[in-house]
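As stored in entry.csv (CSV, C-alpha atoms and all ligand atoms):
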chain,number,residue,atom,x,y,z
A,1,MET,CA,163.4,134.5,56.8
A,2,GLN,CA,161.4,133.1,54.0
A,3,TYR,CA,160.6,135.6,51.2
A,4,THR,CA,158.7,133.2,48.9
A,5,VAL,CA,155.2,132.0,49.5
A,6,ASN,CA,154.4,129.4,52.2
A,7,GLU,CA,152.1,126.4,51.8
A,8,LYS,CA,149.1,128.4,52.9
A,9,GLY,CA,149.7,131.1,50.3
A,10,TYR,CA,151.2,133.7,52.6
A,11,TYR,CA,154.3,135.9,52.4
A,12,GLY,CA,154.7,136.7,56.1
A,13,LYS,CA,151.4,138.4,57.0
A,14,PHE,CA,150.4,139.1,53.5
A,15,GLY,CA,148.7,137.1,50.7
A,16,GLY,CA,146.2,134.4,51.2
A,17,ALA,CA,143.0,133.9,49.2
A,18,TYR,CA,140.1,136.1,50.2
A,19,ILE,CA,137.5,135.2,47.7
A,20,PRO,CA,133.7,134.8,47.5
A,21,GLU,CA,132.7,131.2,48.3
A,22,MET,CA,131.5,130.8,44.7
A,23,LEU,CA,135.0,131.1,43.5
A,24,TYR,CA,136.5,128.4,45.8
A,25,PRO,CA,136.2,125.6,43.2
A,26,ASN,CA,138.0,127.6,40.5
A,27,VAL,CA,140.8,128.8,42.7
A,28,GLU,CA,141.2,125.4,44.4
A,29,GLU,CA,141.5,123.6,41.1
A,30,LEU,CA,144.3,126.0,40.2
A,31,GLU,CA,146.0,125.8,43.6
A,32,SER,CA,146.0,122.1,43.8
A,33,LYS,CA,147.5,121.6,40.3
A,34,TYR,CA,149.7,124.6,39.3
A,35,LEU,CA,153.0,123.4,40.7
A,36,GLU,CA,152.7,120.0,39.3
A,37,ILE,CA,151.8,121.4,35.9
A,38,ILE,CA,154.5,124.0,35.9
A,39,TYR,CA,157.3,121.7,36.8
A,40,SER,CA,156.3,118.8,34.5
A,41,GLN,CA,158.8,118.1,31.8
A,42,ASP,CA,156.2,118.6,29.1
A,43,PHE,CA,155.3,122.1,30.4
A,44,GLN,CA,158.9,123.2,30.8
A,45,GLU,CA,159.8,122.1,27.3
A,46,GLU,CA,156.9,124.0,25.7
A,47,PHE,CA,157.3,127.1,28.0
A,48,ARG,CA,161.1,127.3,27.3
A,49,TYR,CA,160.5,126.7,23.6
A,50,LEU,CA,158.0,129.6,23.3
A,51,LEU,CA,160.0,131.9,25.4
A,52,ARG,CA,162.9,131.4,23.0
A,53,ASP,CA,161.3,131.2,19.6
A,54,TYR,CA,158.2,133.3,20.1
A,55,VAL,CA,159.1,135.9,22.8
A,56,GLY,CA,162.7,136.2,21.7
A,57,ARG,CA,164.4,135.2,25.0
A,58,PRO,CA,166.9,135.4,26.5
A,59,SER,CA,166.5,139.2,26.5
A,60,PRO,CA,170.0,140.9,26.4
A,61,LEU,CA,171.7,142.3,29.4
A,62,TYR,CA,173.2,145.4,28.0
A,63,LEU,CA,176.0,147.5,29.5
A,64,ALA,CA,174.7,151.1,29.2
A,65,LYS,CA,178.0,152.9,28.6
A,66,ARG,CA,176.8,156.4,28.5
A,67,LEU,CA,174.4,156.1,31.5
A,68,SER,CA,177.3,154.4,33.4
A,69,GLU,CA,179.6,157.3,32.6
A,70,LYS,CA,177.0,159.9,33.7
A,71,TYR,CA,176.3,158.2,37.0
A,72,LYS,CA,180.0,156.9,37.5
A,73,THR,CA,179.1,153.3,38.1
A,74,ASN,CA,178.3,150.2,36.0
A,75,ILE,CA,174.7,150.1,34.7
A,76,TYR,CA,173.3,147.1,33.0
A,77,LEU,CA,169.8,147.2,31.4
A,78,LYS,CA,167.8,144.0,31.3
A,79,ARG,CA,166.1,144.4,27.9
A,80,GLU,CA,162.5,143.2,28.5
A,81,ASP,CA,161.5,145.9,26.1
A,82,LEU,CA,162.9,143.7,23.3
A,83,ASN,CA,160.4,140.9,24.0
A,84,HIS,CA,157.5,140.3,21.6
A,85,THR,CA,154.7,142.8,22.4
A,86,GLY,CA,157.3,145.1,24.0
A,87,ALA,CA,157.3,144.3,27.7
A,88,HIS,CA,157.8,141.6,30.4
A,89,LYS,CA,154.0,140.8,30.5
A,90,ILE,CA,154.2,138.2,27.8
A,91,ASN,CA,156.4,135.9,30.0
A,92,ASN,CA,153.4,135.5,32.4
A,93,THR,CA,150.7,135.2,29.8
A,94,ILE,CA,152.6,132.5,27.9
A,95,GLY,CA,153.0,130.6,31.2
A,96,GLN,CA,149.3,130.9,32.1
A,97,ILE,CA,147.9,130.0,28.7
A,98,LEU,CA,150.0,126.8,28.9
A,99,VAL,CA,148.5,126.1,32.4
A,100,ALA,CA,145.0,126.8,31.1
A,101,LYS,CA,145.5,124.3,28.2
A,102,ARG,CA,146.5,121.6,30.7
A,103,LEU,CA,143.5,122.3,32.8
A,104,ASN,CA,141.4,121.8,29.6
A,105,LYS,CA,140.1,125.4,29.6
A,106,THR,CA,138.8,126.7,26.3
A,107,ARG,CA,137.9,130.2,27.3
A,108,ILE,CA,140.2,132.9,28.7
A,109,ILE,CA,139.2,136.1,30.5
A,110,ALA,CA,141.4,138.9,31.7
A,111,GLU,CA,141.0,142.5,33.0
A,112,THR,CA,143.2,145.3,31.9
A,113,GLY,CA,143.7,149.0,32.8
A,114,ALA,CA,146.2,150.5,30.4
A,115,GLY,CA,145.6,147.6,28.0
A,116,GLN,CA,149.1,146.2,28.1
A,117,HIS,CA,148.1,143.0,29.9
A,118,GLY,CA,145.0,142.8,27.6
A,119,VAL,CA,147.2,142.8,24.6
A,120,ALA,CA,149.6,140.2,26.0
A,121,THR,CA,146.6,138.0,26.8
A,122,ALA,CA,145.0,138.5,23.4
A,123,THR,CA,148.3,137.6,21.9
A,124,VAL,CA,148.7,134.2,23.6
A,125,CYS,CA,145.0,133.4,22.9
A,126,ALA,CA,145.5,134.0,19.2
A,127,LEU,CA,148.7,131.8,19.4
A,128,MET,CA,146.7,128.9,21.0
A,129,GLY,CA,143.4,129.4,19.3
A,130,LEU,CA,141.4,130.1,22.5
A,131,GLN,CA,138.5,132.4,23.0
A,132,CYS,CA,139.5,135.7,24.7
A,133,ILE,CA,137.4,138.2,26.5
A,134,VAL,CA,139.0,141.2,28.1
A,135,TYR,CA,137.2,143.4,30.6
A,136,MET,CA,138.2,147.0,30.6
A,137,GLY,CA,136.7,150.1,32.3
A,138,LYS,CA,134.7,152.3,29.8
A,139,ILE,CA,137.0,155.2,30.6
A,140,ASP,CA,140.1,153.2,30.0
A,141,ILE,CA,138.7,152.0,26.7
A,142,GLU,CA,138.4,155.7,25.6
A,143,ARG,CA,141.9,156.5,27.0
A,144,GLN,CA,143.8,153.6,25.5
A,145,LYS,CA,142.4,153.3,22.0
A,146,PRO,CA,145.5,151.8,20.3
A,147,ASN,CA,145.6,148.9,22.7
A,148,VAL,CA,141.9,148.3,22.4
A,149,GLU,CA,142.4,148.1,18.6
A,150,ARG,CA,145.3,145.8,19.0
A,151,MET,CA,143.2,143.4,21.1
A,152,LYS,CA,140.5,143.4,18.5
A,153,MET,CA,142.9,142.8,15.7
A,154,LEU,CA,144.2,139.8,17.6
A,155,GLY,CA,140.6,138.4,17.8
A,156,ALA,CA,139.7,139.3,21.4
A,157,GLU,CA,136.4,140.7,22.5
A,158,VAL,CA,136.8,143.8,24.7
A,159,ARG,CA,133.9,144.2,27.1
A,160,PRO,CA,133.4,147.6,28.8
A,161,ALA,CA,132.9,147.8,32.6
A,162,LEU,CA,130.3,150.4,33.2
A,163,SER,CA,130.0,150.4,36.9
A,164,GLY,CA,131.8,152.6,39.5
A,165,SER,CA,134.7,154.7,38.3
A,166,GLN,CA,134.8,152.7,35.0
A,167,THR,CA,138.4,151.9,35.4
A,168,LEU,CA,140.6,148.9,36.4
A,169,LYS,CA,138.9,147.9,39.7
A,170,ASP,CA,135.5,147.8,38.0
A,171,ALA,CA,136.9,145.7,35.2
A,172,THR,CA,138.3,143.3,37.8
A,173,ASN,CA,134.9,143.0,39.4
A,174,GLU,CA,133.4,142.1,36.0
A,175,ALA,CA,136.1,139.5,35.4
A,176,ILE,CA,135.5,137.9,38.7
A,177,ARG,CA,131.7,137.8,38.1
A,178,ASP,CA,132.3,136.1,34.7
A,179,TRP,CA,134.6,133.5,36.3
A,180,ILE,CA,132.0,132.7,38.9
A,181,ASN,CA,129.4,132.1,36.1
A,182,ASN,CA,131.8,130.1,34.0
A,183,PRO,CA,133.8,127.9,36.4
A,184,VAL,CA,134.2,124.8,34.2
A,185,ASP,CA,135.6,126.0,30.9
A,186,THR,CA,137.3,129.4,31.8
A,187,HIS,CA,140.7,130.4,33.1
A,188,TYR,CA,141.2,133.9,34.4
A,189,ILE,CA,144.7,135.3,33.4
A,190,ILE,CA,145.8,137.8,36.1
A,191,GLY,CA,148.5,140.1,34.9
A,192,SER,CA,150.7,140.9,37.9
A,193,VAL,CA,151.7,139.4,41.2
A,194,VAL,CA,148.3,140.2,42.7
A,195,GLY,CA,145.0,138.3,43.3
A,196,PRO,CA,144.3,135.3,45.5
A,197,HIS,CA,146.9,132.6,46.1
A,198,PRO,CA,148.2,130.9,43.9
A,199,TYR,CA,148.3,133.8,41.4
A,200,PRO,CA,151.1,136.0,43.0
A,201,ASP,CA,153.3,132.9,43.3
A,202,MET,CA,152.5,131.5,39.9
A,203,VAL,CA,153.1,134.9,38.2
A,204,ALA,CA,156.4,135.4,40.1
A,205,ARG,CA,157.6,132.0,39.0
A,206,PHE,CA,156.9,132.8,35.4
A,207,GLN,CA,158.6,136.2,35.6
A,208,ALA,CA,161.5,134.7,37.5
A,209,VAL,CA,163.1,133.8,34.1
A,210,ILE,CA,164.3,137.5,34.2
A,211,SER,CA,166.6,137.0,37.2
A,212,GLU,CA,167.5,133.5,36.1
A,213,GLU,CA,168.9,135.0,32.9
A,214,ILE,CA,170.5,138.0,34.7
A,215,LYS,CA,172.6,135.5,36.8
A,216,THR,CA,173.9,133.6,33.8
A,217,GLN,CA,174.5,136.8,31.9
A,218,LEU,CA,176.4,138.5,34.7
A,219,ALA,CA,178.5,135.5,35.3
A,220,ALA,CA,179.6,135.6,31.7
A,221,LYS,CA,180.1,139.4,31.7
A,222,ILE,CA,181.7,140.2,35.1
A,223,GLY,CA,182.6,136.7,36.4
A,224,ARG,CA,180.1,137.0,39.3
A,225,ASP,CA,176.5,135.9,39.1
A,226,TYR,CA,174.9,138.8,41.1
A,227,PRO,CA,174.9,142.6,41.0
A,228,ASP,CA,175.1,145.0,43.9
A,229,TYR,CA,171.7,146.5,43.1
A,230,VAL,CA,168.6,145.5,41.2
A,231,LEU,CA,166.2,148.3,40.4
A,232,ALA,CA,162.7,147.8,39.0
A,233,CYS,CA,159.5,149.8,38.8
A,234,VAL,CA,156.5,148.5,40.8
A,235,GLY,CA,152.8,148.7,39.7
A,236,GLY,CA,151.4,145.4,41.0
A,237,GLY,CA,155.0,144.2,41.1
A,238,SER,CA,155.4,141.4,38.5
A,239,ASN,CA,158.5,142.7,36.7
A,240,ALA,CA,160.1,143.6,40.0
A,241,ALA,CA,159.3,140.2,41.5
A,242,GLY,CA,160.8,138.5,38.4
A,243,ALA,CA,164.0,140.7,38.6
A,244,PHE,CA,164.4,140.1,42.3
A,245,TYR,CA,163.4,136.4,42.5
A,246,HIS,CA,166.7,134.6,42.3
A,247,PHE,CA,168.5,137.2,44.5
A,248,LEU,CA,166.0,137.2,47.4
A,249,ASP,CA,168.2,134.9,49.5
A,250,ASN,CA,171.5,136.7,48.7
A,251,PRO,CA,171.8,139.6,51.1
A,252,LYS,CA,174.7,141.1,49.1
A,253,VAL,CA,172.1,142.2,46.5
A,254,LYS,CA,170.2,145.3,47.3
A,255,LEU,CA,166.7,145.2,45.9
A,256,ILE,CA,164.9,148.5,45.2
A,257,GLY,CA,161.4,148.9,43.9
A,258,LEU,CA,160.3,152.3,42.5
A,259,GLU,CA,156.7,153.4,42.9
A,260,ALA,CA,154.8,156.1,41.1
A,261,ALA,CA,154.6,159.2,43.3
A,262,GLY,CA,152.6,160.9,40.6
A,263,GLN,CA,152.3,164.6,41.3
A,264,GLY,CA,153.9,164.1,44.7
A,265,ILE,CA,153.3,161.9,47.8
A,266,ASN,CA,151.1,164.5,49.5
A,267,SER,CA,149.4,165.8,46.4
A,268,GLY,CA,146.4,163.5,46.5
A,269,HIS,CA,147.5,162.3,43.0
A,270,SER,CA,149.8,159.5,43.6
A,271,ALA,CA,150.2,155.7,43.6
A,272,ALA,CA,153.0,155.3,46.1
A,273,THR,CA,151.6,152.4,48.0
A,274,THR,CA,154.3,151.6,50.5
A,275,VAL,CA,154.3,155.2,51.7
A,276,LEU,CA,150.6,155.8,51.7
A,277,GLY,CA,149.2,152.3,51.9
A,278,LYS,CA,147.8,150.4,54.9
A,279,ILE,CA,147.1,146.7,55.3
A,280,GLY,CA,143.8,145.6,53.7
A,281,ILE,CA,142.3,143.2,51.2
A,282,LEU,CA,142.1,143.9,47.5
A,283,HIS,CA,141.5,141.6,44.6
A,284,GLY,CA,141.5,138.6,46.8
A,285,SER,CA,144.7,139.0,48.9
A,286,LYS,CA,145.9,140.8,52.0
A,287,SER,CA,148.5,143.4,51.2
A,288,LEU,CA,149.3,147.1,51.4
A,289,LEU,CA,146.8,149.4,49.6
A,290,MET,CA,145.8,153.0,49.4
A,291,GLN,CA,142.5,153.4,51.3
A,292,THR,CA,140.5,156.0,53.2
A,293,ALA,CA,140.1,155.8,57.0
A,294,ASP,CA,136.9,153.8,56.4
A,295,GLY,CA,138.5,151.4,54.0
A,296,GLN,CA,137.4,152.7,50.6
A,297,ILE,CA,140.0,152.3,47.9
A,298,VAL,CA,141.6,155.6,46.9
A,299,GLU,CA,141.7,156.1,43.2
A,300,PRO,CA,145.4,156.0,42.3
A,301,TYR,CA,147.2,158.4,39.9
A,302,SER,CA,150.3,158.2,37.9
A,303,ILE,CA,151.3,159.6,34.5
A,304,SER,CA,152.1,156.0,33.6
A,305,ALA,CA,149.0,153.9,33.1
A,306,GLY,CA,150.8,150.7,34.1
A,307,LEU,CA,151.7,152.0,37.6
A,308,ASP,CA,148.4,153.5,38.7
A,309,TYR,CA,147.3,150.6,40.8
A,310,PRO,CA,146.1,151.2,44.4
A,311,GLY,CA,148.0,148.3,45.9
A,312,ILE,CA,151.1,146.1,45.5
A,313,GLY,CA,151.4,142.4,45.4
A,314,PRO,CA,151.8,140.6,48.8
A,315,ILE,CA,155.3,139.6,48.0
A,316,HIS,CA,156.4,143.2,47.9
A,317,ALA,CA,154.3,144.1,51.0
A,318,HIS,CA,156.4,141.4,52.8
A,319,LEU,CA,159.7,142.5,51.3
A,320,PHE,CA,158.9,146.0,52.5
A,321,ASP,CA,157.7,144.8,55.9
A,322,THR,CA,160.9,142.7,56.5
A,323,LYS,CA,163.1,145.4,54.9
A,324,ARG,CA,164.5,142.9,52.5
A,325,ALA,CA,163.7,145.3,49.7
A,326,GLU,CA,163.5,149.1,49.7
A,327,PHE,CA,160.7,151.0,48.0
A,328,GLN,CA,161.1,154.6,46.9
A,329,PRO,CA,158.7,157.0,45.3
A,330,VAL,CA,159.4,158.7,42.0
A,331,THR,CA,157.3,161.6,40.6
A,332,ASP,CA,155.9,162.1,37.1
A,333,THR,CA,158.5,164.8,36.5
A,334,GLU,CA,161.4,162.7,37.6
A,335,ALA,CA,160.3,159.8,35.5
A,336,MET,CA,159.7,161.9,32.4
A,337,GLU,CA,163.2,163.4,32.6
A,338,ALA,CA,164.7,160.0,33.1
A,339,GLY,CA,162.9,158.7,30.0
A,340,LEU,CA,164.2,161.5,27.9
A,341,LEU,CA,167.8,161.0,29.3
A,342,CYS,CA,167.8,157.3,28.5
A,343,SER,CA,166.5,158.1,25.0
A,344,ARG,CA,169.3,160.7,24.4
A,345,LEU,CA,172.1,158.8,26.0
A,346,GLU,CA,171.4,155.2,25.0
A,347,GLY,CA,169.0,155.4,22.0
A,348,ILE,CA,166.4,153.5,24.0
A,349,ILE,CA,163.0,155.0,24.5
A,350,PRO,CA,161.7,153.3,27.7
A,351,ALA,CA,158.1,152.8,28.8
A,352,ILE,CA,157.1,155.6,31.3
A,353,GLU,CA,156.7,152.8,33.9
A,354,THR,CA,160.3,151.8,33.3
A,355,ALA,CA,161.4,155.4,33.4
A,356,HIS,CA,160.5,155.4,37.1
A,357,ALA,CA,163.2,152.9,37.8
A,358,LEU,CA,165.8,154.8,35.7
A,359,ALA,CA,165.0,158.0,37.6
A,360,TYR,CA,166.3,156.5,40.8
A,361,LEU,CA,169.8,156.6,39.4
A,362,GLU,CA,169.8,160.3,40.4
A,363,LYS,CA,169.6,159.3,44.0
A,364,LEU,CA,171.3,155.9,44.2
A,365,ASN,CA,174.9,157.0,44.5
A,366,ALA,CA,176.4,153.7,43.5
A,367,LYS,CA,180.1,153.4,43.7
A,368,PRO,CA,182.4,153.2,40.6
A,369,ASN,CA,183.2,149.5,41.2
A,370,GLU,CA,179.6,148.5,41.9
A,371,VAL,CA,177.1,146.9,39.4
A,372,VAL,CA,173.6,148.1,39.0
A,373,VAL,CA,171.0,146.1,37.0
A,374,ILE,CA,167.8,148.0,36.0
A,375,ASN,CA,165.0,145.9,34.7
A,376,LEU,CA,163.9,147.7,31.5
A,377,SER,CA,160.4,146.4,31.7
A,378,GLY,CA,159.1,147.8,28.5
A,379,ARG,CA,159.5,150.0,25.4
A,380,GLY,CA,158.1,153.5,25.1
A,381,ASP,CA,156.4,153.4,21.7
A,382,LYS,CA,153.0,153.3,23.4
A,383,ASP,CA,154.0,156.4,25.4
A,384,LEU,CA,155.3,158.6,22.6
A,385,GLN,CA,152.3,160.9,22.6
A,386,THR,CA,152.4,161.3,26.4
A,387,TYR,CA,156.2,162.1,26.3
A,388,ILE,CA,155.6,164.6,23.4
A,389,ASN,CA,152.7,166.4,25.2
A,390,TRP,CA,154.7,166.6,28.4
A,391,PHE,CA,157.8,168.2,27.0
A,392,GLU,CA,155.8,170.5,24.7
A,393,SER,CA,153.9,171.9,27.6
A,394,LYS,CA,157.2,172.6,29.5
B,401,LIG,C1,152.4,146.7,33.2
B,401,LIG,C2,153.7,147.3,33.2
B,401,LIG,C3,154.4,147.5,34.4
B,401,LIG,C4,153.8,147.4,35.8
B,401,LIG,O1,153.4,146.1,36.1
B,401,LIG,P1,154.2,145.2,37.2
B,401,LIG,O2,153.3,144.1,37.4
B,401,LIG,O3,154.5,146.0,38.4
B,401,LIG,O4,155.5,144.8,36.5
B,401,LIG,C5,155.7,148.0,34.3
B,401,LIG,N1,156.3,148.2,33.1
B,401,LIG,C6,155.7,148.0,32.0
B,401,LIG,C7,156.4,148.3,30.7
B,401,LIG,C8,154.3,147.5,32.0
B,401,LIG,O5,153.7,147.3,30.8

Would it be possible to restate this file's structure as structure tokens?
Ligand SMILES: *Cc1c(COP(=O)(O)O)cnc(C)c1O
Amino acid sequence: MQYTVNEKGYYGKFGGAYIPEMLYPNVEELESKYLEIIYSQDFQEEFRYLLRDYVGRPSPLYLAKRLSEKYKTNIYLKREDLNHTGAHKINNTIGQILVAKRLNKTRIIAETGAGQHGVATATVCALMGLQCIVYMGKIDIERQKPNVERMKMLGAEVRPALSGSQTLKDATNEAIRDWINNPVDTHYIIGSVVGPHPYPDMVARFQAVISEEIKTQLAAKIGRDYPDYVLACVGGGSNAAGAFYHFLDNPKVKLIGLEAAGQGINSGHSAATTVLGKIGILHGSKSLLMQTADGQIVEPYSISAGLDYPGIGPIHAHLFDTKRAEFQPVTDTEAMEAGLLCSRLEGIIPAIETAHALAYLEKLNAKPNEVVVINLSGRGDKDLQTYINWFESK
């Protein structure tokens, strides 16, 4: 069984590039060049250098002693929260900006929901001196003011998407429209393992630095370069893809993705795609997504802005379909409790996205001699007000 992408851009029956004809030239240019660019010596040197000296990699693999005692197993946290800008997203935007430069692009566009990917994109554009335009739903602009201000401080222009529900999918439509109108000088930085081929594969390769480091770090710490479990939260699925990547072909490693169940699977306010989703096409690829009987996208909900996405990347749809990975829903309540517990036991305030992965420790039942790695995808500073409001209302 192959878990990575095939030459046609598919993971099993998922993936591909379902795009308007006017986007063919842009996507084909990227598709025909990305692997050669990424694996050139010159790219690798610059990528590795920036990951080290700018992002702060390798991120530590930390033995969480008090969490381990509580759950009677061995829990390691992969500290992506310690990266520059506070999450894993920067690994991908650094990679893509270096690709854009080598394609002689001078203008960068992106879309963002919660604003985290927008900030990571604005950051690398400032670093490289490239023009940056971030599309964001008008409602999201109002909801995510601090991130909008960060993007502006970094020199990006934030353009409101005024159509539809004025959220992420509308921002995505605006970004695609922009790319069609500016095919020559513009690169579109997608923020997760979603979108038409080659994006899911390209983003997974950039995020794969996470599992590459976990292997080396585990070998040094426990004398074995793989754990029994890897846990990661799944929005589009980029941090999970990165944490799983180098373990995909090792059946001894159990891979578990945690999805946002919001107020509950059957509440109508959820983003648990593998439970509720059906096969369909979203943002240019075939995957599992939440849709009505006649194929309209269902507006997703989660307390965590980074997980309320109506689909998952095709790699995860395939891992789910083949049962190579397991996907479990985690509710708002479970995630918020886990975020508080991690703060109190380890002195680490996790992003609410990440707290979904931590929450699964309650159900995992790992054995005392087993090793669990949790990808700590981001820090919780951005979520403090949401945590405070939640616990004050309890
Ligand atoms: C954006 C984000 C996520 C969700 O995105 P994935 O592509 O699924 O990784 C998870 N955690 C944090 C901290 C994020 O910012």

- Task: Identify which of the residues A:Val158, A:Ala100, A:Ile90, A:Val372 lies closest to ligand LIG 401 (chain B), counting all atoms listed in the file when measuring atom-to-atom distances.
- Result: A:Ile90

Give me, as CSV, the closest atom pair and its distance (Å, one decimal) for every residue of chain A within a cut-off of 7 Å of ligand LIG 401 (chain B), counting only C-alpha atoms and all ligand atoms, rows sorted by chain and rising number.
residue,atom,partner,partner_atom,distance
A:Ala87,CA,B:LIG401,C7,5.1
A:His88,CA,B:LIG401,C7,6.9
A:Lys89,CA,B:LIG401,O5,6.5
A:Gln116,CA,B:LIG401,O5,5.4
A:His117,CA,B:LIG401,C1,6.6
A:Gly191,CA,B:LIG401,O2,6.7
A:Ser192,CA,B:LIG401,O2,4.2
A:Val193,CA,B:LIG401,O2,6.3
A:Cys233,CA,B:LIG401,C5,6.2
A:Val234,CA,B:LIG401,O3,4.0
A:Gly235,CA,B:LIG401,O3,3.4
A:Gly236,CA,B:LIG401,O3,4.1
A:Gly237,CA,B:LIG401,O3,3.3
A:Ser238,CA,B:LIG401,O2,3.6
A:Asn239,CA,B:LIG401,O4,3.7
A:Ala240,CA,B:LIG401,O4,5.9
A:Gly306,CA,B:LIG401,C1,4.4
A:Leu307,CA,B:LIG401,C4,5.4
A:Ala351,CA,B:LIG401,C7,5.2
A:Glu353,CA,B:LIG401,N1,4.7
A:Thr354,CA,B:LIG401,N1,5.4
A:Ser377,CA,B:LIG401,C7,4.5
A:Gly378,CA,B:LIG401,C7,3.5
A:Arg379,CA,B:LIG401,C7,6.4

- Message: Residues near Asp178 (chain A), anyone? I mean within 12 Å using all atoms listed in the file, not counting same-chain ones fewer than 5 positions away, as a ChimeraX atom specification.
- Response: /A:22-23,26,107-111,133-135,159,161,171-173,183-188

- Message: Please list as a PyMOL selection string every residue within 9 Å of Ile38 (chain A), counting all atoms listed in the file and excluding residues in the same chain fewer than 4 positions away.
- Response: chain A and resi 33-34+42-44+47+95+98-99+202

Create the file for the chosen residues now, containing C-alpha atoms and written as a tab-separated table (two decimals), keeping the file's coordinate frame.
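Generated file (selection16.tsv):
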chain	number	residue	atom	x	y	z
A	33	LYS	CA	147.50	121.60	40.30
A	34	TYR	CA	149.70	124.60	39.30
A	42	ASP	CA	156.20	118.60	29.10
A	43	PHE	CA	155.30	122.10	30.40
A	44	GLN	CA	158.90	123.20	30.80
A	47	PHE	CA	157.30	127.10	28.00
A	95	GLY	CA	153.00	130.60	31.20
A	98	LEU	CA	150.00	126.80	28.90
A	99	VAL	CA	148.50	126.10	32.40
A	202	MET	CA	152.50	131.50	39.90

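Pairwise distance (CA of Tyr229 (chain A), CA of Val373 (chain A)) equals 6.2 Å.
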
- Note on the structure: Tyr309 (chain A) proximity check over A:Leu361, A:Ala232, A:Ala114, A:Val203, using only C-alpha atoms: winner is A:Ala114

May I have the protein, DNA and RNA residues with any atom at most 6 Å from the point (162.6, 137.8, 37.5), counting all atoms listed in the file, written as a CSV table (one decimal) with C-alpha atoms, keeping the file's coordinate frame?
chain,number,residue,atom,x,y,z
A,207,GLN,CA,158.6,136.2,35.6
A,208,ALA,CA,161.5,134.7,37.5
A,209,VAL,CA,163.1,133.8,34.1
A,210,ILE,CA,164.3,137.5,34.2
A,211,SER,CA,166.6,137.0,37.2
A,241,ALA,CA,159.3,140.2,41.5
A,242,GLY,CA,160.8,138.5,38.4
A,243,ALA,CA,164.0,140.7,38.6
A,244,PHE,CA,164.4,140.1,42.3
A,245,TYR,CA,163.4,136.4,42.5

- Task: Quick one: pull the distance between CA of Asp81 (chain A) and CA of Gly380 (chain A), Å, one decimal.
- Result: 8.4 Å

When you get a chance, write out N, CA, C and O atoms for region 204-213 of chain A, as an mmCIF file, in the frame of the given file.
data_model
loop_
_atom_site.group_PDB
_atom_site.id
_atom_site.type_symbol
_atom_site.label_atom_id
_atom_site.label_comp_id
_atom_site.auth_asym_id
_atom_site.auth_seq_id
_atom_site.Cartn_x
_atom_site.Cartn_y
_atom_site.Cartn_z
ATOM 1 N N ALA A 204 154.968 135.173 39.757
ATOM 2 C CA ALA A 204 156.400 135.400 40.100
ATOM 3 C C ALA A 204 157.265 134.314 39.540
ATOM 4 O O ALA A 204 158.363 134.587 39.049
ATOM 5 N N ARG A 205 156.799 133.078 39.570
ATOM 6 C CA ARG A 205 157.600 132.000 39.000
ATOM 7 C C ARG A 205 157.802 132.139 37.519
ATOM 8 O O ARG A 205 158.881 131.830 37.001
ATOM 9 N N PHE A 206 156.765 132.595 36.810
ATOM 10 C CA PHE A 206 156.900 132.800 35.400
ATOM 11 C C PHE A 206 157.875 133.964 35.082
ATOM 12 O O PHE A 206 158.721 133.898 34.201
ATOM 13 N N GLN A 207 157.729 135.036 35.841
ATOM 14 C CA GLN A 207 158.600 136.200 35.600
ATOM 15 C C GLN A 207 160.023 135.968 36.114
ATOM 16 O O GLN A 207 160.944 136.698 35.734
ATOM 17 N N ALA A 208 160.212 134.962 36.951
ATOM 18 C CA ALA A 208 161.500 134.700 37.500
ATOM 19 C C ALA A 208 162.571 134.353 36.455
ATOM 20 O O ALA A 208 163.777 134.383 36.715
ATOM 21 N N VAL A 209 162.108 134.069 35.242
ATOM 22 C CA VAL A 209 163.100 133.800 34.100
ATOM 23 C C VAL A 209 163.963 135.063 33.974
ATOM 24 O O VAL A 209 165.109 134.948 33.533
ATOM 25 N N ILE A 210 163.477 136.237 34.366
ATOM 26 C CA ILE A 210 164.300 137.500 34.200
ATOM 27 C C ILE A 210 165.538 137.393 35.080
ATOM 28 O O ILE A 210 166.654 137.586 34.584
ATOM 29 N N SER A 211 165.381 137.080 36.381
ATOM 30 C CA SER A 211 166.600 137.000 37.200
ATOM 31 C C SER A 211 167.407 135.775 36.983
ATOM 32 O O SER A 211 168.629 135.779 37.171
ATOM 33 N N GLU A 212 166.755 134.716 36.522
ATOM 34 C CA GLU A 212 167.500 133.500 36.100
ATOM 35 C C GLU A 212 168.504 133.869 35.031
ATOM 36 O O GLU A 212 169.693 133.527 35.101
ATOM 37 N N GLU A 213 168.029 134.617 34.044
ATOM 38 C CA GLU A 213 168.900 135.000 32.900
ATOM 39 C C GLU A 213 169.952 136.039 33.403
ATOM 40 O O GLU A 213 171.110 135.979 32.977
#
